[in-house]
$ cat upload_36.txt   # compact mmCIF, C-alpha atoms and all ligand atoms
# COMPACT_ATOMS: atom_id res chain seq x y z
CA MET A 63 21.62 -16.34 4.34
CA LEU A 64 21.92 -13.12 2.35
CA LYS A 65 23.41 -10.20 4.23
CA VAL A 66 20.83 -7.43 4.71
CA VAL A 67 21.84 -3.83 5.37
CA LYS A 68 19.57 -0.93 6.18
CA ALA A 69 20.55 1.80 3.75
CA GLY A 70 19.27 5.29 4.36
CA TYR A 71 15.67 6.32 4.29
CA HIS A 72 13.61 3.14 3.82
CA GLY A 73 16.21 1.52 1.64
CA ILE A 74 17.63 -1.98 1.92
CA LEU A 75 20.93 -3.10 0.43
CA LEU A 76 21.97 -6.69 -0.29
CA PRO A 77 25.71 -6.05 -0.69
CA GLU A 78 26.76 -9.57 -1.73
CA VAL A 79 24.56 -9.45 -4.82
CA GLY A 80 24.68 -5.70 -5.57
CA ILE A 81 20.92 -5.26 -5.13
CA GLY A 82 19.02 -2.33 -3.61
CA LEU A 83 15.37 -2.56 -2.57
CA ASP A 84 13.44 0.75 -2.42
CA TYR A 85 16.96 2.14 -2.27
CA SER A 86 18.37 5.58 -3.10
CA GLY A 87 22.13 5.12 -2.72
CA SER A 88 25.00 4.42 -5.07
CA LYS A 89 26.18 1.00 -3.84
CA ALA A 90 23.72 -1.18 -5.79
CA GLU A 91 24.08 -2.28 -9.40
CA TYR A 92 20.39 -3.15 -9.59
CA ILE A 93 17.55 -1.35 -7.80
CA PHE A 94 14.00 -2.66 -7.48
CA ILE A 95 11.08 -0.46 -6.44
CA SER A 96 8.21 -2.21 -4.66
CA HIS A 97 5.52 0.39 -5.39
CA ALA A 98 4.95 4.05 -6.15
CA HIS A 99 4.13 5.46 -2.71
CA ALA A 100 6.46 8.36 -1.99
CA ASP A 101 8.23 6.74 0.95
CA HIS A 102 9.38 3.83 -1.26
CA VAL A 103 10.47 5.79 -4.34
CA PRO A 104 14.12 6.94 -4.45
CA LYS A 105 14.79 10.52 -3.51
CA ASN A 106 17.64 10.46 -6.03
CA ARG A 107 15.68 11.09 -9.19
CA LYS A 108 18.53 10.26 -11.54
CA LEU A 109 18.74 6.57 -10.65
CA SER A 110 17.92 3.75 -13.02
CA VAL A 111 15.53 1.29 -11.39
CA TYR A 112 13.28 -1.68 -12.11
CA ALA A 113 9.54 -1.63 -11.33
CA THR A 114 6.32 -3.17 -12.60
CA PRO A 115 4.72 -1.30 -15.54
CA PRO A 116 1.95 0.31 -13.39
CA THR A 117 4.51 1.41 -10.79
CA ALA A 118 6.66 2.84 -13.59
CA SER A 119 3.67 4.84 -14.88
CA PHE A 120 2.80 6.18 -11.40
CA MET A 121 6.41 7.15 -10.73
CA LYS A 122 6.61 9.09 -13.99
CA LEU A 123 3.27 10.82 -13.36
CA ARG A 124 4.47 11.82 -9.89
CA GLY A 125 7.70 13.31 -11.23
CA PHE A 126 10.39 10.63 -10.96
CA GLY A 127 13.05 11.77 -13.43
CA GLY A 128 15.22 8.66 -13.65
CA GLU A 129 14.92 5.63 -15.91
CA VAL A 130 12.35 3.02 -14.88
CA LYS A 131 12.86 -0.34 -16.58
CA PRO A 132 9.70 -2.47 -16.58
CA LEU A 133 9.74 -5.93 -15.02
CA GLU A 134 6.46 -7.82 -15.22
CA PHE A 135 5.14 -10.03 -12.42
CA GLY A 136 6.55 -13.52 -12.70
CA GLN A 137 9.23 -12.52 -15.22
CA THR A 138 12.70 -13.31 -13.83
CA LEU A 139 15.66 -10.97 -14.29
CA LYS A 140 19.00 -12.80 -14.18
CA THR A 141 22.18 -11.00 -13.13
CA ASP A 142 25.62 -12.56 -12.67
CA LYS A 143 24.91 -12.92 -8.94
CA ALA A 144 21.16 -13.39 -8.55
CA ARG A 145 17.73 -14.06 -10.03
CA ILE A 146 15.02 -11.50 -9.24
CA THR A 147 11.26 -11.96 -9.66
CA PHE A 148 8.33 -9.71 -8.73
CA TYR A 149 5.18 -11.17 -7.11
CA PRO A 150 1.87 -9.26 -6.66
CA ALA A 151 1.65 -7.65 -3.20
CA GLY A 152 -2.07 -6.68 -3.11
CA HIS A 153 -1.33 -3.21 -1.66
CA ILE A 154 -1.99 -0.82 -4.58
CA LEU A 155 -1.97 -1.38 -8.34
CA GLY A 156 1.50 -2.51 -9.44
CA SER A 157 2.76 -3.18 -5.91
CA ALA A 158 5.30 -5.98 -5.89
CA MET A 159 7.11 -8.23 -3.48
CA THR A 160 10.69 -8.83 -4.63
CA PHE A 161 12.07 -12.37 -4.54
CA VAL A 162 15.86 -12.66 -4.76
CA GLU A 163 17.56 -16.02 -5.28
CA SER A 164 21.34 -16.38 -4.97
CA GLU A 165 24.13 -18.73 -3.92
CA PHE A 166 23.90 -17.09 -0.47
CA GLY A 167 20.24 -18.11 -0.11
CA ASN A 168 16.96 -16.51 -1.07
CA LEU A 169 15.05 -13.53 0.30
CA LEU A 170 11.51 -12.20 -0.06
CA TYR A 171 11.04 -8.47 0.50
CA THR A 172 7.38 -7.53 0.83
CA GLY A 173 7.42 -3.74 0.47
CA ASP A 174 3.94 -2.71 1.60
CA TYR A 175 1.44 -5.51 1.10
CA ARG A 176 -2.02 -6.76 1.89
CA THR A 177 -3.52 -10.20 2.11
CA PRO A 178 -6.33 -10.76 1.36
CA PRO A 179 -5.44 -8.33 -1.44
CA SER A 180 -7.17 -5.09 -2.37
CA PRO A 181 -9.73 -5.80 -5.14
CA ALA A 182 -8.17 -2.98 -7.20
CA THR A 183 -4.82 -4.78 -7.48
CA GLU A 184 -3.35 -7.75 -9.33
CA GLY A 185 -3.88 -9.92 -6.22
CA PHE A 186 -1.47 -11.47 -3.76
CA GLU A 187 0.85 -14.30 -4.71
CA LEU A 188 3.83 -15.98 -3.03
CA PRO A 189 6.84 -17.68 -4.63
CA ASP A 190 6.61 -21.43 -4.74
CA ALA A 191 9.80 -21.92 -2.73
CA LYS A 192 10.97 -22.36 0.84
CA ILE A 193 11.95 -18.85 2.03
CA ASP A 194 15.23 -18.22 3.85
CA THR A 195 14.87 -14.53 4.76
CA PHE A 196 11.48 -12.85 4.88
CA ILE A 197 11.57 -9.05 5.19
CA THR A 198 8.09 -7.92 6.10
CA GLU A 199 6.54 -4.56 6.80
CA ALA A 200 4.43 -4.59 9.97
CA THR A 201 2.59 -1.26 9.92
CA PHE A 202 -0.45 -2.56 11.82
CA SER A 203 1.30 -5.20 13.87
CA LEU A 204 -0.57 -4.89 17.13
CA PRO A 205 -3.40 -7.28 18.08
CA ILE A 206 -5.85 -4.35 18.21
CA TYR A 207 -5.79 -4.38 14.40
CA LYS A 208 -8.08 -7.01 12.92
CA TRP A 209 -9.78 -5.95 9.70
CA LYS A 210 -13.38 -6.49 8.72
CA THR A 211 -13.90 -8.44 5.51
CA GLU A 212 -13.71 -6.69 2.15
CA GLU A 213 -17.47 -7.29 1.73
CA GLU A 214 -18.31 -5.66 5.07
CA LEU A 215 -16.15 -2.64 4.27
CA ALA A 216 -17.54 -2.30 0.74
CA GLN A 217 -21.04 -2.37 2.21
CA GLN A 218 -20.16 0.34 4.74
CA ILE A 219 -18.64 2.51 1.99
CA ARG A 220 -21.59 2.19 -0.39
CA THR A 221 -24.15 2.68 2.39
CA PHE A 222 -22.43 5.85 3.63
CA ALA A 223 -22.56 7.29 0.10
CA SER A 224 -26.09 6.27 -0.83
CA GLN A 225 -27.73 7.19 2.48
CA ASN A 226 -26.19 10.64 2.53
CA LEU A 227 -27.13 11.28 -1.09
CA GLU A 228 -30.71 10.29 -0.28
CA GLU A 229 -30.74 12.69 2.66
CA GLY A 230 -29.43 15.53 0.51
CA PHE A 231 -25.86 15.48 1.82
CA THR A 232 -22.73 15.35 -0.34
CA PRO A 233 -20.61 12.37 0.79
CA VAL A 234 -16.89 13.06 1.08
CA PHE A 235 -14.37 10.24 1.49
CA THR A 236 -10.90 11.11 2.70
CA ALA A 237 -8.19 8.83 1.35
CA TYR A 238 -4.65 8.92 -0.03
CA ASN A 239 -4.38 9.99 -3.66
CA LEU A 240 -2.73 6.78 -4.82
CA GLY A 241 -4.26 3.42 -4.01
CA LYS A 242 -6.93 4.06 -1.42
CA ALA A 243 -8.74 6.66 -3.53
CA GLN A 244 -8.94 4.31 -6.52
CA GLU A 245 -9.96 1.35 -4.37
CA LEU A 246 -12.87 3.43 -3.05
CA MET A 247 -13.84 4.40 -6.60
CA PHE A 248 -13.64 0.76 -7.68
CA ILE A 249 -16.09 -0.09 -4.87
CA LEU A 250 -18.32 2.99 -5.35
CA LYS A 251 -18.70 2.63 -9.12
CA GLU A 252 -21.44 0.04 -8.42
CA LEU A 253 -23.69 2.92 -7.30
CA ASN A 254 -23.60 4.47 -10.81
CA HIS A 255 -23.40 7.94 -9.27
CA PRO A 256 -20.95 10.59 -10.55
CA MET A 257 -17.74 10.99 -8.55
CA GLN A 258 -15.20 13.78 -8.35
CA ILE A 259 -11.65 13.16 -7.18
CA HIS A 260 -8.96 15.57 -6.06
CA GLY A 261 -6.71 16.57 -8.98
CA ALA A 262 -3.56 14.88 -7.65
CA GLY A 263 -5.41 11.56 -7.50
CA PHE A 264 -7.36 12.11 -10.71
CA LYS A 265 -4.26 12.05 -12.92
CA LEU A 266 -3.33 8.61 -11.54
CA CYS A 267 -6.70 7.00 -12.30
CA LYS A 268 -5.93 6.47 -15.97
CA VAL A 269 -3.21 3.96 -15.02
CA TYR A 270 -5.88 1.84 -13.32
CA GLU A 271 -8.10 2.07 -16.41
CA GLU A 272 -5.18 1.16 -18.69
CA HIS A 273 -4.51 -1.97 -16.65
CA GLY A 274 -8.09 -3.24 -16.63
CA PHE A 275 -9.50 -1.64 -13.47
CA PRO A 276 -12.47 0.57 -14.49
CA LEU A 277 -13.23 3.22 -11.86
CA GLY A 278 -16.70 4.27 -12.96
CA ASP A 279 -18.13 7.70 -13.77
CA TYR A 280 -15.59 10.17 -12.46
CA GLU A 281 -13.99 13.52 -13.21
CA THR A 282 -11.53 15.82 -11.55
CA TYR A 283 -12.75 17.87 -8.58
CA ASN A 284 -14.49 21.10 -9.55
CA ARG A 285 -15.53 23.40 -6.73
CA ASP A 286 -18.42 24.82 -8.77
CA THR A 287 -20.00 21.47 -9.67
CA CYS A 288 -19.02 19.16 -6.80
CA GLU A 289 -22.22 19.43 -4.77
CA GLY A 290 -24.30 16.25 -4.94
CA LYS A 291 -21.42 14.18 -6.35
CA ILE A 292 -19.45 11.57 -4.41
CA LEU A 293 -16.20 13.33 -3.48
CA ILE A 294 -12.79 11.77 -2.77
CA THR A 295 -9.88 13.77 -1.42
CA PRO A 296 -6.88 13.51 0.87
CA SER A 297 -7.90 14.76 4.31
CA SER A 298 -5.27 17.53 4.17
CA ALA A 299 -7.24 19.24 1.34
CA LEU A 300 -10.33 19.55 3.54
CA GLY A 301 -8.42 22.04 5.66
CA THR A 302 -7.50 24.12 2.63
CA GLY A 303 -10.90 24.74 1.13
CA PHE A 304 -11.88 21.50 -0.66
CA ALA A 305 -15.70 21.63 -1.05
CA SER A 306 -15.85 24.32 1.65
CA ASN A 307 -18.69 25.94 -0.33
CA VAL A 308 -20.85 22.82 0.13
CA LYS A 309 -22.76 23.35 3.36
CA LYS A 310 -24.55 19.99 3.51
CA LYS A 311 -21.80 17.38 3.41
CA ARG A 312 -20.69 14.46 5.52
CA VAL A 313 -17.15 13.16 5.76
CA ALA A 314 -15.90 9.56 6.06
CA TYR A 315 -12.30 8.98 7.14
CA CYS A 316 -10.99 5.89 5.33
CA SER A 317 -7.85 4.39 6.84
CA GLY A 318 -6.61 1.42 8.81
CA TRP A 319 -5.95 3.91 11.60
CA ALA A 320 -9.73 4.38 11.82
CA ALA A 321 -9.84 0.99 13.56
CA ASN A 322 -8.23 2.65 16.56
CA GLU A 323 -11.24 4.45 17.94
CA SER A 324 -9.21 6.89 19.99
CA ARG A 325 -8.59 8.55 16.63
CA GLN A 326 -12.24 9.52 16.46
CA THR A 327 -11.75 12.12 19.16
CA GLN A 328 -8.89 13.65 17.17
CA LEU A 329 -10.88 13.94 13.95
CA THR A 330 -13.94 15.95 13.08
CA VAL A 331 -15.52 13.39 10.78
CA ASP A 332 -18.93 11.76 10.56
CA GLU A 333 -17.84 8.18 9.89
CA LEU A 334 -14.74 6.05 10.44
CA ILE A 335 -14.17 3.40 7.77
CA PRO A 336 -11.24 1.15 8.77
CA ILE A 337 -10.15 0.14 5.27
CA SER A 338 -6.42 -0.40 5.03
CA ASP A 339 -4.02 -1.22 2.21
CA HIS A 340 -1.83 -3.16 4.66
CA LEU A 341 -2.49 -6.57 6.19
CA ASP A 342 -3.65 -6.82 9.79
CA PHE A 343 -1.75 -8.29 12.73
CA PHE A 344 -3.36 -11.72 12.55
CA GLU A 345 -2.75 -12.16 8.81
CA LEU A 346 0.89 -11.21 9.39
CA ILE A 347 1.44 -13.83 12.07
CA ASP A 348 -0.48 -16.41 10.03
CA LEU A 349 1.63 -15.69 6.95
CA CYS A 350 4.90 -16.01 8.89
CA GLN A 351 3.67 -19.35 10.22
CA ARG A 352 2.74 -20.57 6.73
CA LEU A 353 6.06 -19.47 5.21
CA ASN A 354 8.09 -20.62 8.22
CA PRO A 355 11.25 -18.91 6.92
CA LYS A 356 14.68 -19.28 8.49
CA LYS A 357 14.49 -15.66 9.61
CA VAL A 358 11.84 -12.90 9.63
CA LEU A 359 13.09 -9.33 9.54
CA ILE A 360 10.46 -6.81 10.61
CA THR A 361 10.24 -3.22 9.35
CA HIS A 362 7.79 -0.30 9.67
CA THR A 363 6.30 -1.36 12.95
CA PRO A 364 4.85 0.51 15.93
CA ASN A 365 6.53 -1.99 18.26
CA PRO A 366 8.71 -4.86 16.99
CA LYS A 367 8.64 -6.60 20.37
CA VAL A 368 4.96 -7.53 19.95
CA VAL A 369 5.43 -9.35 16.63
CA GLN A 370 8.68 -10.88 17.84
CA HIS A 371 6.96 -12.21 20.95
CA TYR A 372 4.32 -13.97 18.85
CA LEU A 373 6.95 -15.31 16.43
CA ASP A 374 9.06 -16.56 19.35
CA GLU A 375 6.03 -18.52 20.55
CA LEU A 376 5.87 -20.18 17.12
CA GLY A 377 9.59 -20.94 17.18
CA ILE A 378 10.31 -18.54 14.29
CA ASN A 379 13.61 -16.66 14.43
CA SER A 380 13.11 -12.92 13.92
CA GLY A 381 14.85 -9.55 14.08
CA PHE A 382 13.97 -5.89 13.76
CA LEU A 383 15.24 -4.05 10.71
CA ASP A 384 15.14 -0.50 11.95
CA LEU A 385 13.58 1.47 9.13
CA GLU A 386 11.75 4.61 10.08
CA ALA A 387 8.04 3.98 10.60
CA VAL A 388 5.84 6.61 9.02
CA ASP A 389 2.17 7.27 9.47
CA ASN A 390 1.33 7.63 5.80
CA GLU A 391 0.48 5.70 2.67
ZN ZN B 1 2.60 1.93 0.36
$ encode --input "upload_36.txt" --output "structure tokens" --more "lines below"
Ligand SMILES: [Zn+2]
Amino acid sequence: MLKVVKAGYHGILLPEVGIGLDYSGSKAEYIFISHAHADHVPKNRKLSVYATPPTASFMKLRGFGGEVKPLEFGQTLKTDKARITFYPAGHILGSAMTFVESEFGNLLYTGDYRTPPSPATEGFELPDAKIDTFITEATFSLPIYKWKTEEELAQQIRTFASQNLEEGFTPVFTAYNLGKAQELMFILKELNHPMQIHGAGFKLCKVYEEHGFPLGDYETYNRDTCEGKILITPSSALGTGFASNVKKKRVAYCSGWAANESRQTQLTVDELIPISDHLDFFELIDLCQRLNPKKVLITHTPNPKVVQHYLDELGINSGFLDLEAVDNE
């Protein structure tokens, strides 16, 4: 079994093979970045790293100053100590699971992932091999989190937009700038109604278009012309004046956390849409059962004991890799 070391903020180091995963330190010869969300991108902006081409584009657009070497899905990089292959993770465009094979055993690191995959991603695919060590994120790993189907959520999203437009209200969706925003646009484009997206998310949309994911009729947010359009913005911008001039608007909060209805009392929104870019608790347990690895290491979880209890019941050996859980992206 490969030795796994927690290494700083969200990083993982495999010291025997000189590999860092979402890693910012200096002890790895090769660093692989799972996806472009800020909590997985190295803080050290001078590093040289490997990532999928969409992830490389997002990192550059968001200001990463180091070298990003592209590694396509399914293309294997060979080093003197290991073979490394990316597999699609279904989380956001370009998101990858990293599969490491070595004389010490193999390891699959999920990064953030979703199965069934987001429709605005390359899908979800597993290596065709028996896994020794499975490092999995577990952001929504409590049995209160069971997602609706993609079709049900898409219906809720389109209905919220079209009904409010019919009633003369401007629909506003709150979502992260990278991933969730574009997934919403991918779903909403079927309505053939103009959309405006917050500037920080707008600049990332072209990467989706370049990789074959058309996002419909959209432009960057413009306060003077936004009324009557479908609007998409991070929720933080609503507090700082986004569309504050539009009196008749209704707001939908789009997040896996929306499934926890106690959140409703904390938010002043009109609709909760529990669409997540992570897998739910039941998919996680099911996947562990299907893979049946020698060991599952759990990260990013509200409570590792819950997942570990269920894995114990299935006879699957597991441990908690203590990375800091964050309530974002
Ligand atoms: Zn993420």
$ atom_distance --input "upload_36.txt" --atom1 "CA of Ala182 in chain A" --atom2 "CA of Val313 in chain A"
22.6 Å
$ atom_distance --input "upload_36.txt" --atom1 "CA of Gln225 in chain A" --atom2 "CA of Tyr283 in chain A"
21.5 Å
$ residues_near_ligand --input "upload_36.txt" --ligand "ligand ZN 1 (chain B)" --cutoff "10 Å" --atoms "all atoms listed in the file" --output "ChimeraX atom specification"
/A:96-103,153-154,157,173-176,199,240-242,339-340,390-391
$ atom_distance --input "upload_36.txt" --atom1 "CA of Leu215 in chain A" --atom2 "CA of Thr236 in chain A"
14.8 Å
$ residues_near_point --input "upload_36.txt" --point "(8.8, 2.1, -8.1)" --cutoff "10 Å" --atoms "all atoms listed in the file" --output "short mmCIF file (atom, residue, chain, number, x, y, z; two decimals) with C-alpha atoms, in the coordinates of the input"
data_model
loop_
_atom_site.label_atom_id
_atom_site.label_comp_id
_atom_site.auth_asym_id
_atom_site.auth_seq_id
_atom_site.Cartn_x
_atom_site.Cartn_y
_atom_site.Cartn_z
CA LEU A 83 15.37 -2.56 -2.57
CA ASP A 84 13.44 0.75 -2.42
CA ILE A 93 17.55 -1.35 -7.80
CA PHE A 94 14.00 -2.66 -7.48
CA ILE A 95 11.08 -0.46 -6.44
CA SER A 96 8.21 -2.21 -4.66
CA HIS A 97 5.52 0.39 -5.39
CA ALA A 98 4.95 4.05 -6.15
CA HIS A 99 4.13 5.46 -2.71
CA ALA A 100 6.46 8.36 -1.99
CA HIS A 102 9.38 3.83 -1.26
CA VAL A 103 10.47 5.79 -4.34
CA PRO A 104 14.12 6.94 -4.45
CA VAL A 111 15.53 1.29 -11.39
CA TYR A 112 13.28 -1.68 -12.11
CA ALA A 113 9.54 -1.63 -11.33
CA THR A 114 6.32 -3.17 -12.60
CA PRO A 115 4.72 -1.30 -15.54
CA PRO A 116 1.95 0.31 -13.39
CA THR A 117 4.51 1.41 -10.79
CA ALA A 118 6.66 2.84 -13.59
CA SER A 119 3.67 4.84 -14.88
CA PHE A 120 2.80 6.18 -11.40
CA MET A 121 6.41 7.15 -10.73
CA LYS A 122 6.61 9.09 -13.99
CA PHE A 126 10.39 10.63 -10.96
CA VAL A 130 12.35 3.02 -14.88
CA LYS A 131 12.86 -0.34 -16.58
CA PRO A 132 9.70 -2.47 -16.58
CA GLY A 156 1.50 -2.51 -9.44
CA SER A 157 2.76 -3.18 -5.91
CA ALA A 158 5.30 -5.98 -5.89
#
$ closest_residue --input "upload_36.txt" --among "A:Leu293, A:Asp194, A:Gly301, A:Lys311" --to "Gly230 in chain A" --atoms "only C-alpha atoms"
A:Lys311
$ closest_residue --input "upload_36.txt" --among "A:Phe343, A:Pro233, A:Glu281, A:Ala321" --to "Lys309 in chain A" --atoms "all atoms listed in the file"
A:Pro233
$ residues_around --input "upload_36.txt" --residues "range 344-353 of chain A" --least-positions-apart "6" --cutoff "10 Å" --atoms "all atoms listed in the file" --output "CSV table (one decimal) with C-alpha atoms, keeping the file's coordinate frame"
chain,number,residue,atom,x,y,z
A,176,ARG,CA,-2.0,-6.8,1.9
A,177,THR,CA,-3.5,-10.2,2.1
A,178,PRO,CA,-6.3,-10.8,1.4
A,188,LEU,CA,3.8,-16.0,-3.0
A,191,ALA,CA,9.8,-21.9,-2.7
A,192,LYS,CA,11.0,-22.4,0.8
A,193,ILE,CA,12.0,-18.8,2.0
A,194,ASP,CA,15.2,-18.2,3.8
A,196,PHE,CA,11.5,-12.8,4.9
A,198,THR,CA,8.1,-7.9,6.1
A,199,GLU,CA,6.5,-4.6,6.8
A,200,ALA,CA,4.4,-4.6,10.0
A,202,PHE,CA,-0.4,-2.6,11.8
A,203,SER,CA,1.3,-5.2,13.9
A,204,LEU,CA,-0.6,-4.9,17.1
A,205,PRO,CA,-3.4,-7.3,18.1
A,206,ILE,CA,-5.8,-4.4,18.2
A,207,TYR,CA,-5.8,-4.4,14.4
A,208,LYS,CA,-8.1,-7.0,12.9
A,209,TRP,CA,-9.8,-6.0,9.7
A,369,VAL,CA,5.4,-9.4,16.6
A,370,GLN,CA,8.7,-10.9,17.8
A,372,TYR,CA,4.3,-14.0,18.8
A,373,LEU,CA,7.0,-15.3,16.4
A,376,LEU,CA,5.9,-20.2,17.1
A,377,GLY,CA,9.6,-20.9,17.2
A,378,ILE,CA,10.3,-18.5,14.3
$ closest_residue --input "upload_36.txt" --among "A:Lys367, A:Leu246, A:Lys108, A:His72" --to "Gln218 in chain A" --atoms "only C-alpha atoms"
A:Leu246
$ residues_near_point --input "upload_36.txt" --point "(-5.0, 9.6, -7.8)" --cutoff "12 Å" --atoms "only C-alpha atoms" --output "mmCIF file with C-alpha atoms, in the coordinates of the input"
data_model
loop_
_atom_site.group_PDB
_atom_site.id
_atom_site.type_symbol
_atom_site.label_atom_id
_atom_site.label_comp_id
_atom_site.auth_asym_id
_atom_site.auth_seq_id
_atom_site.Cartn_x
_atom_site.Cartn_y
_atom_site.Cartn_z
ATOM 1 C CA ALA A 98 4.950 4.050 -6.150
ATOM 2 C CA HIS A 99 4.130 5.460 -2.710
ATOM 3 C CA PHE A 120 2.800 6.180 -11.400
ATOM 4 C CA LEU A 123 3.270 10.820 -13.360
ATOM 5 C CA ARG A 124 4.470 11.820 -9.890
ATOM 6 C CA ILE A 154 -1.990 -0.820 -4.580
ATOM 7 C CA LEU A 155 -1.970 -1.380 -8.340
ATOM 8 C CA ALA A 237 -8.190 8.830 1.350
ATOM 9 C CA TYR A 238 -4.650 8.920 -0.030
ATOM 10 C CA ASN A 239 -4.380 9.990 -3.660
ATOM 11 C CA LEU A 240 -2.730 6.780 -4.820
ATOM 12 C CA GLY A 241 -4.260 3.420 -4.010
ATOM 13 C CA LYS A 242 -6.930 4.060 -1.420
ATOM 14 C CA ALA A 243 -8.740 6.660 -3.530
ATOM 15 C CA GLN A 244 -8.940 4.310 -6.520
ATOM 16 C CA GLU A 245 -9.960 1.350 -4.370
ATOM 17 C CA LEU A 246 -12.870 3.430 -3.050
ATOM 18 C CA MET A 247 -13.840 4.400 -6.600
ATOM 19 C CA GLN A 258 -15.200 13.780 -8.350
ATOM 20 C CA ILE A 259 -11.650 13.160 -7.180
ATOM 21 C CA HIS A 260 -8.960 15.570 -6.060
ATOM 22 C CA GLY A 261 -6.710 16.570 -8.980
ATOM 23 C CA ALA A 262 -3.560 14.880 -7.650
ATOM 24 C CA GLY A 263 -5.410 11.560 -7.500
ATOM 25 C CA PHE A 264 -7.360 12.110 -10.710
ATOM 26 C CA LYS A 265 -4.260 12.050 -12.920
ATOM 27 C CA LEU A 266 -3.330 8.610 -11.540
ATOM 28 C CA CYS A 267 -6.700 7.000 -12.300
ATOM 29 C CA LYS A 268 -5.930 6.470 -15.970
ATOM 30 C CA VAL A 269 -3.210 3.960 -15.020
ATOM 31 C CA TYR A 270 -5.880 1.840 -13.320
ATOM 32 C CA GLU A 271 -8.100 2.070 -16.410
ATOM 33 C CA LEU A 277 -13.230 3.220 -11.860
ATOM 34 C CA TYR A 280 -15.590 10.170 -12.460
ATOM 35 C CA GLU A 281 -13.990 13.520 -13.210
ATOM 36 C CA THR A 282 -11.530 15.820 -11.550
ATOM 37 C CA TYR A 283 -12.750 17.870 -8.580
ATOM 38 C CA ILE A 294 -12.790 11.770 -2.770
ATOM 39 C CA THR A 295 -9.880 13.770 -1.420
ATOM 40 C CA PRO A 296 -6.880 13.510 0.870
#
$ closest_residue --input "upload_36.txt" --among "A:Thr232, A:Thr195, A:Thr141, A:Ser317" --to "Phe161 in chain A" --atoms "only C-alpha atoms"
A:Thr195
$ closest_residue --input "upload_36.txt" --among "A:Glu78, A:Glu214, A:Asn365, A:Gly274" --to "Glu165 in chain A" --atoms "all atoms listed in the file"
A:Glu78
$ closest_residue --input "upload_36.txt" --among "A:Val79, A:Lys89, A:Ala320, A:Glu333" --to "Lys210 in chain A" --atoms "only C-alpha atoms"
A:Ala320
$ decode --input "upload_36.txt" --residues "range 293-303 of chain A" --atoms "N, CA, C and O atoms" --output "compact mmCIF listing (two decimals), in the first residue's frame"
# COMPACT_ATOMS: atom_id res chain seq x y z
N LEU A 293 -30.69 35.75 -14.54
CA LEU A 293 -29.43 36.20 -13.94
C LEU A 293 -28.79 35.09 -13.11
O LEU A 293 -29.49 34.36 -12.41
N ILE A 294 -27.45 35.02 -13.19
CA ILE A 294 -26.70 34.02 -12.42
C ILE A 294 -25.55 34.72 -11.72
O ILE A 294 -24.77 35.45 -12.37
N THR A 295 -25.44 34.51 -10.43
CA THR A 295 -24.44 35.24 -9.65
C THR A 295 -24.08 34.46 -8.40
O THR A 295 -24.92 33.71 -7.88
N PRO A 296 -22.86 34.62 -7.88
CA PRO A 296 -22.62 34.07 -6.54
C PRO A 296 -23.47 34.82 -5.52
O PRO A 296 -23.74 36.02 -5.70
N SER A 297 -23.91 34.14 -4.47
CA SER A 297 -24.83 34.78 -3.53
C SER A 297 -24.19 35.98 -2.84
O SER A 297 -24.88 36.94 -2.49
N SER A 298 -22.87 35.95 -2.69
CA SER A 298 -22.19 37.07 -2.02
C SER A 298 -22.43 38.39 -2.75
O SER A 298 -22.53 39.45 -2.13
N ALA A 299 -22.57 38.34 -4.09
CA ALA A 299 -22.74 39.58 -4.87
C ALA A 299 -24.11 40.21 -4.65
O ALA A 299 -24.28 41.42 -4.85
N LEU A 300 -25.09 39.38 -4.23
CA LEU A 300 -26.42 39.94 -3.98
C LEU A 300 -26.38 40.96 -2.83
O LEU A 300 -27.15 41.91 -2.80
N GLY A 301 -25.47 40.73 -1.90
CA GLY A 301 -25.34 41.65 -0.77
C GLY A 301 -24.57 42.91 -1.11
O GLY A 301 -24.51 43.85 -0.31
N THR A 302 -23.96 42.93 -2.28
CA THR A 302 -23.15 44.10 -2.64
C THR A 302 -23.69 44.79 -3.90
O THR A 302 -22.94 45.35 -4.69
N GLY A 303 -25.00 44.69 -4.09
CA GLY A 303 -25.62 45.53 -5.11
C GLY A 303 -26.01 44.87 -6.41
O GLY A 303 -26.61 45.50 -7.27
